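Single-structure report; data block below.
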Amino acid sequence: MGVIERSNHEATAVLAINRVEKKNALRLEDFDELADALVVADHDDSVRVIVLTGTADSFSAGADLKALAGYEQNPLGHLARIHHCARTLATVAKPTIAAVNGVAVGAGLNLALACDLAIAGRSTMVSEIFLDRGLTLDYGGSALLVQRIGLHRAKELAFFASRLVGEELLTWGLVNAIVDDDQVLPTVLEWADRLSERSPTALALTKSLLNRAAASLTQAIDLEVIAQVAALSDPSIGSTLTNF
């Protein structure tokens with residue numbers, strides 16, 4: 001059984017990561033499953049908006065690094081699968097909204113940032129935790145951070161793996177709104193309902209225009225693969241590859 005659970009709310013497809021025992025950290029097969037679920041929802045004529053969220057007390061703790069250790073003989077292969085998911089999310093035509101609850105770190109944070117809109121709870125904690133693990137930004141984080149918060153703040157978050165909580169996410173410009181924890185998904189669904197009332201063609205075209213005007217996310221992903229392979233080749237990081 002997969003870990004990506006889909007439910008429908010009106011014209012919205014809600015994709016929820018359900019791997020509670022690992023704080024919704026994703027294995028390679030989970031990234032594959034998420035990419036497939038995004039494609040299915042994007043091609044479903046009954047769906048106008050796609051919502052991403054996590055179950056229980058976490059959005060996502062990013063990649064399951066312990067599981068990924070089993071793939072270390074082929075780092076390019078496993079990074080290609082992770083970044084295929086990032087590319088898929090970046091290129092779906094329909095609007096995407098992240099309902100960010102609890103912990104969102106590493107690729108989990110960048111998964112939320114890759115959505116068109118994001119709403120988080122007051123107790124949500126995020127971090128670009130990569131350098132704490134001796135790793136580099138991935139899942140499009142190098143482009144997403146600069147687009148969202150500017151170069152200098154992006155460097156601060158990435159260099160120090162700073163942890164931000166609640167209202168700090170809004171102050172830094174990482175999310176569109178902060179609400180009470182129990183209102184995250186209801187608020188996201190309300191926004192999704194409002195978007196569903198708009199012309200899907202005009203909305204998709206507007207999204208495409210804005211994305212094209214921003215820095216190239218797909219080019220950043222290509223560069224991240226090269227950098228991450230180089231970081232993974234450093235023998236000193238083996239003991240740091242543990243989950244949040």
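Following the order of the structure tokens, first chain is A, next is B, and so on, with residues numbered from 1 inside each chain and ligands from 1 in the order they appear.
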Got a sec: who's within 12 Å of Arg194 of chain A, counting only C-alpha atoms, leaving out chain neighbours fewer than 4 positions off, as a list of chain:residue names?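 Selected residues are A:Glu10, A:Ala11, A:Thr12, A:Arg48, A:Val49, A:Pro95, A:Thr187, A:Val188, A:Leu189, A:Glu190, A:Arg198, A:Ser199, A:Pro200, A:Leu203.
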Same residues, C-alpha atoms, saved as a PDB file, in the first residue's frame:
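Generated file (again-v2.pdb):
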```
ATOM      1  CA  GLU A  10     -15.463  19.498  -4.259  1.00  0.00           C
ATOM      2  CA  ALA A  11     -13.139  20.203  -7.222  1.00  0.00           C
ATOM      3  CA  THR A  12      -9.970  19.806  -5.128  1.00  0.00           C
ATOM      4  CA  ARG A  48      -9.382  22.288 -10.457  1.00  0.00           C
ATOM      5  CA  VAL A  49      -6.888  22.574  -7.564  1.00  0.00           C
ATOM      6  CA  PRO A  95      -2.749  25.533  -9.012  1.00  0.00           C
ATOM      7  CA  THR A 187      -8.329  27.470   5.252  1.00  0.00           C
ATOM      8  CA  VAL A 188      -6.483  25.832   2.370  1.00  0.00           C
ATOM      9  CA  LEU A 189      -9.691  24.176   1.177  1.00  0.00           C
ATOM     10  CA  GLU A 190     -11.472  27.534   1.354  1.00  0.00           C
ATOM     11  CA  ARG A 198     -12.112  30.944 -11.702  1.00  0.00           C
ATOM     12  CA  SER A 199     -11.522  30.092 -15.349  1.00  0.00           C
ATOM     13  CA  PRO A 200      -9.190  27.062 -15.344  1.00  0.00           C
ATOM     14  CA  LEU A 203      -5.629  30.424 -14.177  1.00  0.00           C
TER      15      LEU A 203
END
```
Go through segment 29-135 of chain A residue by residue and, counting only C-alpha atoms, keep those with an atom at most 10 Å from segment 205-221 of chain A; for each kept residue give the shortest atom pair and its distance in Å to one decimal, ordered by chain and increasing number, as a Markdown table.
```
| residue | atom | partner | partner_atom | distance |
| --- | --- | --- | --- | --- |
| A:Leu79 | CA | A:Ile221 | CA | 9.9 |
| A:Ala80 | CA | A:Ile221 | CA | 9.6 |
| A:His83 | CA | A:Ile221 | CA | 6.8 |
| A:His84 | CA | A:Ile221 | CA | 9.3 |
| A:Ala86 | CA | A:Ile221 | CA | 8.1 |
| A:Arg87 | CA | A:Thr218 | CA | 6.6 |
| A:Ala90 | CA | A:Leu217 | CA | 7.6 |
| A:Thr91 | CA | A:Ser208 | CA | 8.7 |
| A:Val92 | CA | A:Ser208 | CA | 9.6 |
| A:Ala93 | CA | A:Ser208 | CA | 7.6 |
| A:Lys94 | CA | A:Lys207 | CA | 8.2 |
| A:Pro95 | CA | A:Lys207 | CA | 7.4 |
| A:Ala114 | CA | A:Leu217 | CA | 9.2 |
| A:Asp116 | CA | A:Lys207 | CA | 8.2 |
```
For Leu145 of chain A: contacts at 12 Å, only C-alpha atoms, fewer than 6 positions along chain excluded, given as a PyMOL selection string: chain A and resi 106+109-114+127-128+137-139+151-158+172-175+214-215+217+220
Which residues in segment 4-244 of chain A does DSSP call helix (DSSP H, G or I)? List them as a count of residues only. 131
Name the closest residue to Gly108 of chain A among the candidates A:Gly141, A:Gly62, A:Gly134, A:Gly121; distances are taken between atoms, counting only C-alpha atoms.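 Distance minimum relative to Gly108 of chain A lands on A:Gly62.
When only C-alpha atoms are used to measure the gap to Asp42 of chain A, the shortest distance among A:Arg81, A:Ala204, A:Ala118, A:Ala192 belongs to A:Ala204.
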With distances taken over only C-alpha atoms, which of A:Phe31, A:Val103, A:Asp64, A:Ala13 is nearest to His43 of chain A?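 For His43 of chain A, the nearest of the candidates is A:Ala13.
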So, counting only C-alpha atoms, which residue among A:Val165, A:Val14, A:Leu76, A:Cys85 is closest to Val229 of chain A? A:Leu76
Could you list, as a VMD selection string, every residue within 9 Å of Ala63 of chain A, counting only C-alpha atoms and ignoring same-chain residues fewer than 6 positions away? chain A and resid 24 to 28 31 82 106 to 108 243
Just write the chosen residues, N, CA, C and O atoms, as an mmCIF file, in the first residue's frame.
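Output file again-v7.cif follows:
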```cif
data_model
loop_
_atom_site.group_PDB
_atom_site.id
_atom_site.type_symbol
_atom_site.label_atom_id
_atom_site.label_comp_id
_atom_site.auth_asym_id
_atom_site.auth_seq_id
_atom_site.Cartn_x
_atom_site.Cartn_y
_atom_site.Cartn_z
ATOM 1 N N ASN A 24 6.577 11.429 8.068
ATOM 2 C CA ASN A 24 6.262 11.596 6.646
ATOM 3 C C ASN A 24 7.492 11.840 5.784
ATOM 4 O O ASN A 24 7.421 12.492 4.739
ATOM 5 N N ALA A 25 8.644 11.291 6.231
ATOM 6 C CA ALA A 25 9.837 11.295 5.377
ATOM 7 C C ALA A 25 9.587 10.369 4.193
ATOM 8 O O ALA A 25 8.909 9.346 4.309
ATOM 9 N N LEU A 26 10.140 10.729 3.051
ATOM 10 C CA LEU A 26 9.856 10.030 1.803
ATOM 11 C C LEU A 26 11.024 9.181 1.317
ATOM 12 O O LEU A 26 12.165 9.653 1.241
ATOM 13 N N ARG A 27 10.721 7.921 0.974
ATOM 14 C CA ARG A 27 11.683 7.045 0.311
ATOM 15 C C ARG A 27 11.609 7.294 -1.201
ATOM 16 O O ARG A 27 10.742 8.027 -1.674
ATOM 17 N N LEU A 28 12.500 6.670 -1.957
ATOM 18 C CA LEU A 28 12.474 6.875 -3.409
ATOM 19 C C LEU A 28 11.136 6.478 -4.002
ATOM 20 O O LEU A 28 10.579 7.190 -4.849
ATOM 21 N N PHE A 31 8.590 9.210 -3.475
ATOM 22 C CA PHE A 31 8.710 10.318 -4.420
ATOM 23 C C PHE A 31 8.097 9.933 -5.765
ATOM 24 O O PHE A 31 7.409 10.742 -6.400
ATOM 25 N N ILE A 82 14.145 11.597 -7.200
ATOM 26 C CA ILE A 82 13.666 12.671 -6.327
ATOM 27 C C ILE A 82 13.359 13.920 -7.148
ATOM 28 O O ILE A 82 12.318 14.559 -6.984
ATOM 29 N N GLY A 106 14.131 20.200 5.123
ATOM 30 C CA GLY A 106 14.830 19.660 3.967
ATOM 31 C C GLY A 106 13.948 19.643 2.738
ATOM 32 O O GLY A 106 13.292 20.623 2.390
ATOM 33 N N ALA A 107 13.937 18.500 2.058
ATOM 34 C CA ALA A 107 13.097 18.362 0.866
ATOM 35 C C ALA A 107 11.627 18.535 1.211
ATOM 36 O O ALA A 107 10.828 18.924 0.349
ATOM 37 N N GLY A 108 11.249 18.281 2.469
ATOM 38 C CA GLY A 108 9.864 18.501 2.886
ATOM 39 C C GLY A 108 9.486 19.966 2.849
ATOM 40 O O GLY A 108 8.395 20.329 2.413
ATOM 41 N N ASN A 243 17.628 10.863 9.952
ATOM 42 C CA ASN A 243 16.436 11.696 9.803
ATOM 43 C C ASN A 243 16.374 12.753 10.879
ATOM 44 O O ASN A 243 17.008 12.631 11.934
#
```
Run DSSP on the backbone and grab whatever in segment 14-165 of chain A lands in strand (DSSP E or B); send it over as a PyMOL selection string. chain A and resi 14-17+26+49-54+58-60+63+96-100+102-105+117-121+125-127+163-165
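Our summary of the geometry notes that atom CA of Leu15 of chain A is positioned 20.8 Å from atom CA of Asp180 of chain A.
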Mind giving me the straight-line distance from atom CA of Ala98 of chain A to atom CA of Asp44 of chain A in Å, one decimal?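 Distance between the two atoms: 19.1 Å.
Taking only C-alpha atoms into account, Arg148 of chain A lies nearest to A:Thr171 out of the set A:Val20, A:Thr171, A:Trp191, A:Asp234.
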Residue neighbourhood Asp182 of chain A, 12 Å, only C-alpha atoms, exclusion window fewer than 2 positions, as number ranges by chain: A: 56-57, 99-102, 119-124, 178-180, 184-188
Expected file contents, prior selection, C-alpha atoms, as an mmCIF file, in the first residue's frame:
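What landed in result_39.cif:
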```
data_model
loop_
_atom_site.group_PDB
_atom_site.id
_atom_site.type_symbol
_atom_site.label_atom_id
_atom_site.label_comp_id
_atom_site.auth_asym_id
_atom_site.auth_seq_id
_atom_site.Cartn_x
_atom_site.Cartn_y
_atom_site.Cartn_z
ATOM 1 C CA ALA A 56 -0.641 13.694 11.979
ATOM 2 C CA ASP A 57 1.980 16.131 13.317
ATOM 3 C CA ALA A 99 -1.246 22.853 3.834
ATOM 4 C CA VAL A 100 1.830 22.846 6.072
ATOM 5 C CA ASN A 101 1.421 21.257 9.475
ATOM 6 C CA GLY A 102 4.040 20.414 12.085
ATOM 7 C CA ILE A 119 -0.517 28.121 4.464
ATOM 8 C CA ALA A 120 1.042 26.950 7.730
ATOM 9 C CA GLY A 121 0.020 26.438 11.346
ATOM 10 C CA ARG A 122 1.282 28.477 14.276
ATOM 11 C CA SER A 123 3.334 25.555 15.610
ATOM 12 C CA THR A 124 4.855 24.666 12.240
ATOM 13 C CA ILE A 178 -0.310 31.576 9.289
ATOM 14 C CA VAL A 179 -3.422 30.215 10.996
ATOM 15 C CA ASP A 180 -4.257 28.148 14.057
ATOM 16 C CA VAL A 184 -4.681 24.922 8.230
ATOM 17 C CA LEU A 185 -6.506 22.441 6.026
ATOM 18 C CA PRO A 186 -9.918 24.162 6.295
ATOM 19 C CA THR A 187 -8.329 27.470 5.252
ATOM 20 C CA VAL A 188 -6.483 25.832 2.370
#
```
Write out as a ChimeraX atom specification the residues lying within 10 Å of Ala231 of chain A, counting only C-alpha atoms and excluding same-chain residues fewer than 2 positions away. /A:131,133-136,225-229,233-237
Write out, as a short mmCIF file (atom, residue, chain, number, x, y, z; two decimals), in the first residue's frame, the residues just selected, with N, CA, C and O atoms.
```cif
data_model
loop_
_atom_site.label_atom_id
_atom_site.label_comp_id
_atom_site.auth_asym_id
_atom_site.auth_seq_id
_atom_site.Cartn_x
_atom_site.Cartn_y
_atom_site.Cartn_z
N LEU A 131 22.72 21.44 5.29
CA LEU A 131 24.11 21.62 5.70
C LEU A 131 24.40 21.02 7.07
O LEU A 131 25.54 20.68 7.37
N ARG A 133 23.57 18.19 7.69
CA ARG A 133 23.84 16.79 7.30
C ARG A 133 25.02 16.69 6.35
O ARG A 133 25.30 15.64 5.80
N GLY A 134 25.70 17.82 6.10
CA GLY A 134 26.80 17.82 5.16
C GLY A 134 26.34 17.70 3.72
O GLY A 134 27.11 17.28 2.84
N LEU A 135 25.09 18.09 3.46
CA LEU A 135 24.52 17.98 2.13
C LEU A 135 24.21 19.36 1.57
O LEU A 135 24.32 20.37 2.27
N THR A 136 23.84 19.40 0.30
CA THR A 136 23.49 20.66 -0.35
C THR A 136 21.98 20.71 -0.58
O THR A 136 21.29 19.70 -0.50
N VAL A 225 21.59 18.41 -8.66
CA VAL A 225 21.99 17.01 -8.77
C VAL A 225 23.51 16.89 -8.75
O VAL A 225 24.08 16.07 -8.02
N ILE A 226 24.18 17.74 -9.52
CA ILE A 226 25.64 17.71 -9.57
C ILE A 226 26.24 18.01 -8.20
O ILE A 226 27.15 17.32 -7.72
N ALA A 227 25.72 19.05 -7.55
CA ALA A 227 26.25 19.45 -6.24
C ALA A 227 26.00 18.37 -5.19
O ALA A 227 26.88 18.08 -4.36
N GLN A 228 24.81 17.75 -5.21
CA GLN A 228 24.50 16.76 -4.18
C GLN A 228 25.34 15.50 -4.35
O GLN A 228 25.78 14.90 -3.36
N VAL A 229 25.60 15.09 -5.58
CA VAL A 229 26.46 13.93 -5.82
C VAL A 229 27.86 14.21 -5.27
O VAL A 229 28.49 13.35 -4.64
N SER A 233 29.75 12.25 -2.03
CA SER A 233 31.03 11.55 -2.21
C SER A 233 32.01 11.84 -1.09
O SER A 233 33.06 11.20 -1.00
N ASP A 234 31.68 12.79 -0.22
CA ASP A 234 32.54 13.14 0.91
C ASP A 234 32.39 12.07 2.00
O ASP A 234 31.31 11.93 2.57
N PRO A 235 33.43 11.29 2.30
CA PRO A 235 33.30 10.19 3.27
C PRO A 235 32.98 10.65 4.68
O PRO A 235 32.54 9.87 5.52
N SER A 236 33.16 11.93 4.97
CA SER A 236 32.95 12.41 6.34
C SER A 236 31.48 12.55 6.70
O SER A 236 31.15 12.75 7.88
N ILE A 237 30.57 12.46 5.73
CA ILE A 237 29.16 12.73 6.05
C ILE A 237 28.38 11.49 6.41
O ILE A 237 27.23 11.57 6.80
#
```
Top pick for closest residue to Val47 of chain A, considering A:Ser7, A:Gln147, A:Leu223, A:Asp181 and counting only C-alpha atoms: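 Nearest to Val47 of chain A: A:Ser7.
Here atom CA of Val126 of chain A is placed at a distance of 5.4 Å from atom CA of Leu164 of chain A.
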